[in-house]
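Asks: Please see the structure below; I have some questions.
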Amino acid sequence: MHSSLRILVTGGAGFIGSHLCEELLRRGHDVLCIDNFYTGTRNNVAGLLANPNFELMRHDVTFPLYVEVDRIFNLACPASPVHYQFDPVQTTKTSVHGAINMLGLAKRRRARILQASTSEVYGDPEIHPQPESYWGNVNPLGLRSCYDEGKRCAETLFFDYHRQHNLEIKVARIFNTYGPRMHPNDGRVVSNFIIQALRGEDITIYGDGQQTRSFCYVDDMVDGLLRLMESPADCTGPVNLGNPVETTIRQLAERIIALTGSRSKLIAKPLPADDPRRRCPDISLARRELDWEPRCMLDDGLMRTIEYFRATLSA
Ligand code: NAD
Ligand code: UDP
Ligand code: UDP
């Protein structure tokens with residue numbers, strides 16, 4: 001990114017947001033991080049608080065926010081099923097009212113704004129891997145709908161502000177991302193398996209473990225988000241960001257057991273409702289438009305994440 005900018009990161013005290021704030025500061029920008037600490041923590045950004053270019057503000061994006069910034073990364077939203085299903089109405093409000101407020105702010109400031117959307121907009125996909133042109137197969141009434149439909153509505157708002165108010169928008173569809181500072185209790189597969197393996201507890205495979213996901217290391221994700229933000233104005237997205245290497249959940253469990261040297265056993269648990277069978281991004285658009293692709297191999301990223309959880313569990 002060119003000279004120093006004032007950059008707002010909503011949800012900046014969360015997992016991906018904290019890594020993004022860190023990288024933006026490293027590049028010399030002023031960062032305003034806002035978060036209501038629903039799933040994020042002050043601890044995630046503790047290392048940044050001493051930096052004079054960093055400011056942390058407790059704020060909920062469902063309320064208006066008047067600040068002077070040049071760029072907005074809108075990441076505020078609980079991301080894991082356990083957290084987004086705890087208060088589903090609040091989840092939809094965060095996505096929809098949050099988007100309206102941040103778009104209103106971007107419109108007043110003529111600031112460029114990026115939305116952290118999700119592969120969940122594809123629902124349980126009938127097309128594989130998923131290109132951005134696929135409209136998705138989403139249940140509007142299920143337990144995941146508060147998240148999926150909230151994120152879909154946020155995309156609609158972004159494109160309508162773009163068409164109606166000429167806003168410079170960027171929409172990233174983020175696929176499963178993992179790394180240090182994942183929430184230990186959010187029930188995500190990578191954090192669950194690593195914590196179970198380190199504690200020698202049974203590894204809980206939901207269903208037959210043949211469902212697939214594609215796991216992107218957080219540093220690669222941050223690089224993709226930054227490239228998208230700085231891409232030419234006509235590159236609005238939506239653009240898929242994720243790792244195209246598909247892994248079954250059983251294979252993931254086996255890698256984590258091998259890398260931790262754990263004696264944990266694999267046990268079967270019921271598959272949650274609406275759990276997608278397969279998920280893998282088609283990243284040709286990101287390759288072409290952003291010259292981006294993930295570089296971190298699964299084993300390397302898992303090792304760094306295992307080291308993080310080893311340190312936090314023993315602290
Ligand atoms: P996270 O839960 O760690 O981060 C979300 C942050 O938003 C947290 O710090 C939380 O406290 C904050 N937040 C929630 N509601 C808020 C509100 N109303 N006002 C202000 N702050 C609020 O999750 P993450 O994995 O870092 O996800 C970041 C973004 O990326 C989310 O928008 C998520 O939907 C999206 N995403 C993540 C993944 C993934 O695999 N991690 C995949 C797809 C999309
Ligand atoms: N908004 C905000 N900060 C700003 C400007 C607007 O939070 O700096 C909010 C405000 O609450 C408003 C929403 O963004 O309701 C949408 O703004 P917009 O200008 O699009 O709509 P309007 O104000 O006309 O309803
Ligand atoms: N999963 C699992 N055991 C766990 C947690 C998750 O088998 O302890 C499975 C889950 O059913 C899903 C996959 O792992 O098929 C990814 O789940 P996660 O919640 O991490 O992400 P999402 O379903 O949103 O992609």
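Letters for chains follow the order of the structure tokens (A, B, ...), residue numbers begin at 1 for each chain, and ligand numbers begin at 1 in the order shown.
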With only C-alpha atoms as the counted atoms, please give the residues lying no more than 8 Å from Cys235 of chain A, apart from itself and same-chain residues fewer than 3 positions off, as a list in words.
Replies: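 My list of contacting residues is Lys170, Leu228, Ser231, Pro232 and Glu289 of chain A.
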Asks: Suppose we keep N, CA and C atoms; can you now write the selection as a PDB file, in the first residue's frame?
Replies:
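What landed in result_9.pdb:
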```pdb
ATOM      1  N   LYS A 170     -14.850  -3.807  -2.247  1.00  0.00           N
ATOM      2  CA  LYS A 170     -14.107  -5.052  -2.465  1.00  0.00           C
ATOM      3  C   LYS A 170     -14.811  -6.128  -1.642  1.00  0.00           C
ATOM      4  N   LEU A 228      -6.274  -7.512  -2.407  1.00  0.00           N
ATOM      5  CA  LEU A 228      -7.602  -7.155  -2.917  1.00  0.00           C
ATOM      6  C   LEU A 228      -7.888  -5.682  -2.637  1.00  0.00           C
ATOM      7  N   SER A 231      -6.191  -3.500  -5.134  1.00  0.00           N
ATOM      8  CA  SER A 231      -6.378  -3.823  -6.550  1.00  0.00           C
ATOM      9  C   SER A 231      -7.074  -2.657  -7.260  1.00  0.00           C
ATOM     10  N   PRO A 232      -7.037  -2.627  -8.619  1.00  0.00           N
ATOM     11  CA  PRO A 232      -7.676  -1.539  -9.371  1.00  0.00           C
ATOM     12  C   PRO A 232      -9.169  -1.428  -9.047  1.00  0.00           C
ATOM     13  N   GLU A 289      -6.309 -11.831 -11.081  1.00  0.00           N
ATOM     14  CA  GLU A 289      -6.486 -10.402 -10.788  1.00  0.00           C
ATOM     15  C   GLU A 289      -5.554  -9.897  -9.687  1.00  0.00           C
TER      16      GLU A 289
END
```
Asks: Within 7 Å of segment 115-131 of chain A, counting only C-alpha atoms, which residues show up once you throw out same-chain ones fewer than 2 positions away? Write them as a list in words, please.
Replies: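 Result of the neighbour search: Phe73, Asn74, Leu75, Ile113, Ser133, Tyr134, Trp135, Gly136, Asn137, Val138, Asp148, Lys151, Arg152, Lys170, Val171, Ala172, Arg173, Ile174, Phe175, Pro276, Arg277, Arg279, Cys280, Pro281 and Asp282 of chain A.
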Asks: The selected residues should be written to file as a tab-separated table (two decimals), in the first residue's frame (atoms: N, CA, C and O atoms).
Replies:
```tsv
chain	number	residue	atom	x	y	z
A	73	PHE	N	-11.69	-2.18	6.53
A	73	PHE	CA	-11.80	-3.63	6.40
A	73	PHE	C	-12.92	-4.06	7.34
A	73	PHE	O	-12.78	-3.94	8.56
A	74	ASN	N	-14.04	-4.55	6.80
A	74	ASN	CA	-15.18	-4.91	7.67
A	74	ASN	C	-15.17	-6.40	7.98
A	74	ASN	O	-15.67	-7.21	7.20
A	75	LEU	N	-14.58	-6.75	9.12
A	75	LEU	CA	-14.45	-8.15	9.52
A	75	LEU	C	-15.35	-8.51	10.69
A	75	LEU	O	-15.41	-9.68	11.08
A	113	ILE	N	-13.83	0.36	0.82
A	113	ILE	CA	-14.27	-0.56	1.87
A	113	ILE	C	-14.27	-2.01	1.39
A	113	ILE	O	-14.71	-2.30	0.28
A	133	SER	N	-18.97	-17.17	-9.79
A	133	SER	CA	-20.21	-17.03	-10.57
A	133	SER	C	-21.32	-17.95	-10.06
A	133	SER	O	-22.49	-17.76	-10.42
A	134	TYR	N	-20.99	-18.91	-9.20
A	134	TYR	CA	-22.01	-19.83	-8.67
A	134	TYR	C	-22.87	-19.11	-7.63
A	134	TYR	O	-22.33	-18.48	-6.72
A	135	TRP	N	-24.22	-19.22	-7.78
A	135	TRP	CA	-25.11	-18.47	-6.89
A	135	TRP	C	-25.35	-19.16	-5.55
A	135	TRP	O	-25.91	-18.57	-4.63
A	136	GLY	N	-24.98	-20.41	-5.44
A	136	GLY	CA	-25.06	-21.07	-4.14
A	136	GLY	C	-26.32	-21.86	-3.92
A	136	GLY	O	-27.29	-21.78	-4.67
A	137	ASN	N	-26.28	-22.66	-2.87
A	137	ASN	CA	-27.39	-23.53	-2.49
A	137	ASN	C	-27.57	-23.38	-0.98
A	137	ASN	O	-27.06	-24.16	-0.19
A	138	VAL	N	-28.26	-22.29	-0.61
A	138	VAL	CA	-28.34	-21.92	0.81
A	138	VAL	C	-29.75	-22.16	1.35
A	138	VAL	O	-30.73	-21.76	0.73
A	148	ASP	N	-25.21	-17.26	7.01
A	148	ASP	CA	-25.13	-17.32	5.55
A	148	ASP	C	-25.93	-16.20	4.90
A	148	ASP	O	-25.44	-15.48	4.02
A	151	LYS	N	-24.54	-12.69	5.62
A	151	LYS	CA	-23.38	-12.38	4.76
A	151	LYS	C	-23.81	-12.14	3.32
A	151	LYS	O	-23.22	-11.32	2.61
A	152	ARG	N	-24.84	-12.89	2.88
A	152	ARG	CA	-25.33	-12.67	1.51
A	152	ARG	C	-25.96	-11.29	1.40
A	152	ARG	O	-25.72	-10.56	0.43
A	170	LYS	N	-14.85	-3.81	-2.25
A	170	LYS	CA	-14.11	-5.05	-2.47
A	170	LYS	C	-14.81	-6.13	-1.64
A	170	LYS	O	-15.04	-5.92	-0.44
A	171	VAL	N	-15.15	-7.23	-2.26
A	171	VAL	CA	-15.79	-8.31	-1.51
A	171	VAL	C	-14.94	-9.57	-1.61
A	171	VAL	O	-14.70	-10.09	-2.71
A	172	ALA	N	-14.45	-10.02	-0.45
A	172	ALA	CA	-13.64	-11.25	-0.40
A	172	ALA	C	-14.50	-12.38	0.14
A	172	ALA	O	-15.15	-12.21	1.18
A	173	ARG	N	-14.55	-13.50	-0.56
A	173	ARG	CA	-15.23	-14.68	-0.02
A	173	ARG	C	-14.16	-15.59	0.58
A	173	ARG	O	-13.43	-16.27	-0.13
A	174	ILE	N	-14.10	-15.54	1.91
A	174	ILE	CA	-13.05	-16.23	2.64
A	174	ILE	C	-13.45	-17.69	2.87
A	174	ILE	O	-14.57	-17.95	3.31
A	175	PHE	N	-12.55	-18.59	2.56
A	175	PHE	CA	-12.76	-20.02	2.86
A	175	PHE	C	-12.01	-20.35	4.16
A	175	PHE	O	-11.22	-19.54	4.64
A	276	PRO	N	-21.80	-28.77	5.19
A	276	PRO	CA	-21.48	-29.00	3.78
A	276	PRO	C	-20.57	-30.22	3.58
A	276	PRO	O	-19.66	-30.45	4.37
A	277	ARG	N	-20.86	-31.01	2.55
A	277	ARG	CA	-20.08	-32.24	2.27
A	277	ARG	C	-18.69	-31.91	1.75
A	277	ARG	O	-17.72	-32.58	2.07
A	279	ARG	N	-16.00	-28.66	0.32
A	279	ARG	CA	-15.78	-27.24	0.12
A	279	ARG	C	-14.35	-27.01	-0.37
A	279	ARG	O	-13.40	-27.46	0.25
A	280	CYS	N	-14.24	-26.37	-1.49
A	280	CYS	CA	-12.93	-26.08	-2.07
A	280	CYS	C	-13.08	-24.86	-2.97
A	280	CYS	O	-13.99	-24.79	-3.78
A	281	PRO	N	-12.21	-23.86	-2.80
A	281	PRO	CA	-12.34	-22.66	-3.63
A	281	PRO	C	-11.75	-22.86	-5.02
A	281	PRO	O	-10.74	-23.54	-5.16
A	282	ASP	N	-12.39	-22.25	-6.00
A	282	ASP	CA	-11.76	-22.05	-7.30
A	282	ASP	C	-11.10	-20.68	-7.19
A	282	ASP	O	-11.81	-19.67	-7.05
```
Asks: Write as a ChimeraX atom specification the residues around ligand 3, taking 7 Å as the cut-off and counting only C-alpha atoms and all ligand atoms.
Replies: /A:80-81,176,187-190,192-193,203-207,209,211-213,249,271-272,275-277
Asks: Which residues of chain A come within 10 Å of ligand 2, and for each one, what is the closest pair of atoms and their distance in Å to one decimal, counting only C-alpha atoms and all ligand atoms, sorted by chain and residue number, as CSV?
Replies:
```
residue,atom,partner,partner_atom_place_in_ligand_line,distance
A:Val61,CA,ligand 2,7 (O),8.1
A:Thr62,CA,ligand 2,7 (O),8.6
A:Phe63,CA,ligand 2,7 (O),6.6
A:Pro64,CA,ligand 2,7 (O),3.1
A:Leu65,CA,ligand 2,7 (O),3.9
A:Tyr66,CA,ligand 2,8 (O),4.2
A:Val67,CA,ligand 2,8 (O),6.4
A:Glu68,CA,ligand 2,8 (O),7.9
A:Val69,CA,ligand 2,8 (O),9.6
A:His97,CA,ligand 2,13 (C),8.1
A:Gly98,CA,ligand 2,14 (O),8.6
A:Ala99,CA,ligand 2,14 (O),8.3
A:Ile100,CA,ligand 2,16 (C),5.1
A:Asn101,CA,ligand 2,14 (O),3.4
A:Met102,CA,ligand 2,7 (O),6.0
A:Leu103,CA,ligand 2,14 (O),6.2
A:Gly104,CA,ligand 2,17 (O),3.3
A:Leu105,CA,ligand 2,4 (C),3.5
A:Ala106,CA,ligand 2,8 (O),7.0
A:Lys107,CA,ligand 2,19 (O),6.4
A:Arg108,CA,ligand 2,5 (C),5.6
A:Arg109,CA,ligand 2,8 (O),7.0
A:Leu157,CA,ligand 2,20 (O),9.9
A:Tyr161,CA,ligand 2,20 (O),7.7
A:Gln164,CA,ligand 2,20 (O),10.0
A:His165,CA,ligand 2,20 (O),8.5
```
Asks: DSSP on the backbone: what in segment 168-218 of chain A comes out alpha helix (DSSP H), as a PyMOL selection string?
Replies: chain A and resi 189-199+218
Asks: Do you have, as JSON lines, the list of residues of chain A lying at most 6 Å from ligand 1, each with its nearest atom pair and that distance in Å to one decimal, counting only C-alpha atoms and all ligand atoms and ordered by chain then number?
Replies:
```
{"residue": "A:Gly11", "atom": "CA", "partner": "ligand 1", "partner_atom_place_in_ligand_line": "7 (O)", "distance": 3.4}
{"residue": "A:Gly12", "atom": "CA", "partner": "ligand 1", "partner_atom_place_in_ligand_line": "9 (O)", "distance": 5.8}
{"residue": "A:Ala13", "atom": "CA", "partner": "ligand 1", "partner_atom_place_in_ligand_line": "9 (O)", "distance": 4.3}
{"residue": "A:Gly14", "atom": "CA", "partner": "ligand 1", "partner_atom_place_in_ligand_line": "9 (O)", "distance": 3.1}
{"residue": "A:Phe15", "atom": "CA", "partner": "ligand 1", "partner_atom_place_in_ligand_line": "26 (O)", "distance": 3.7}
{"residue": "A:Ile16", "atom": "CA", "partner": "ligand 1", "partner_atom_place_in_ligand_line": "26 (O)", "distance": 3.7}
{"residue": "A:Gly17", "atom": "CA", "partner": "ligand 1", "partner_atom_place_in_ligand_line": "26 (O)", "distance": 5.4}
{"residue": "A:Asp35", "atom": "CA", "partner": "ligand 1", "partner_atom_place_in_ligand_line": "21 (N)", "distance": 3.7}
{"residue": "A:Asn36", "atom": "CA", "partner": "ligand 1", "partner_atom_place_in_ligand_line": "20 (C)", "distance": 4.2}
{"residue": "A:Phe37", "atom": "CA", "partner": "ligand 1", "partner_atom_place_in_ligand_line": "11 (O)", "distance": 3.7}
{"residue": "A:Tyr38", "atom": "CA", "partner": "ligand 1", "partner_atom_place_in_ligand_line": "11 (O)", "distance": 3.7}
{"residue": "A:Thr39", "atom": "CA", "partner": "ligand 1", "partner_atom_place_in_ligand_line": "11 (O)", "distance": 3.9}
{"residue": "A:Gly40", "atom": "CA", "partner": "ligand 1", "partner_atom_place_in_ligand_line": "9 (O)", "distance": 3.1}
{"residue": "A:His59", "atom": "CA", "partner": "ligand 1", "partner_atom_place_in_ligand_line": "20 (C)", "distance": 5.7}
{"residue": "A:Asp60", "atom": "CA", "partner": "ligand 1", "partner_atom_place_in_ligand_line": "19 (N)", "distance": 3.4}
{"residue": "A:Val61", "atom": "CA", "partner": "ligand 1", "partner_atom_place_in_ligand_line": "19 (N)", "distance": 4.1}
{"residue": "A:Thr62", "atom": "CA", "partner": "ligand 1", "partner_atom_place_in_ligand_line": "18 (N)", "distance": 5.5}
{"residue": "A:Leu75", "atom": "CA", "partner": "ligand 1", "partner_atom_place_in_ligand_line": "32 (O)", "distance": 4.0}
{"residue": "A:Ala76", "atom": "CA", "partner": "ligand 1", "partner_atom_place_in_ligand_line": "7 (O)", "distance": 3.5}
{"residue": "A:Cys77", "atom": "CA", "partner": "ligand 1", "partner_atom_place_in_ligand_line": "14 (C)", "distance": 3.9}
{"residue": "A:Pro78", "atom": "CA", "partner": "ligand 1", "partner_atom_place_in_ligand_line": "2 (O)", "distance": 4.1}
{"residue": "A:Ala79", "atom": "CA", "partner": "ligand 1", "partner_atom_place_in_ligand_line": "34 (O)", "distance": 4.3}
{"residue": "A:Thr94", "atom": "CA", "partner": "ligand 1", "partner_atom_place_in_ligand_line": "18 (N)", "distance": 4.6}
{"residue": "A:Ala116", "atom": "CA", "partner": "ligand 1", "partner_atom_place_in_ligand_line": "32 (O)", "distance": 4.9}
{"residue": "A:Ser117", "atom": "CA", "partner": "ligand 1", "partner_atom_place_in_ligand_line": "44 (C)", "distance": 5.5}
{"residue": "A:Thr118", "atom": "CA", "partner": "ligand 1", "partner_atom_place_in_ligand_line": "43 (C)", "distance": 4.1}
{"residue": "A:Ile174", "atom": "CA", "partner": "ligand 1", "partner_atom_place_in_ligand_line": "43 (C)", "distance": 4.2}
{"residue": "A:Phe175", "atom": "CA", "partner": "ligand 1", "partner_atom_place_in_ligand_line": "42 (C)", "distance": 4.8}
{"residue": "A:Asn176", "atom": "CA", "partner": "ligand 1", "partner_atom_place_in_ligand_line": "40 (O)", "distance": 3.5}
{"residue": "A:Thr177", "atom": "CA", "partner": "ligand 1", "partner_atom_place_in_ligand_line": "40 (O)", "distance": 3.7}
```
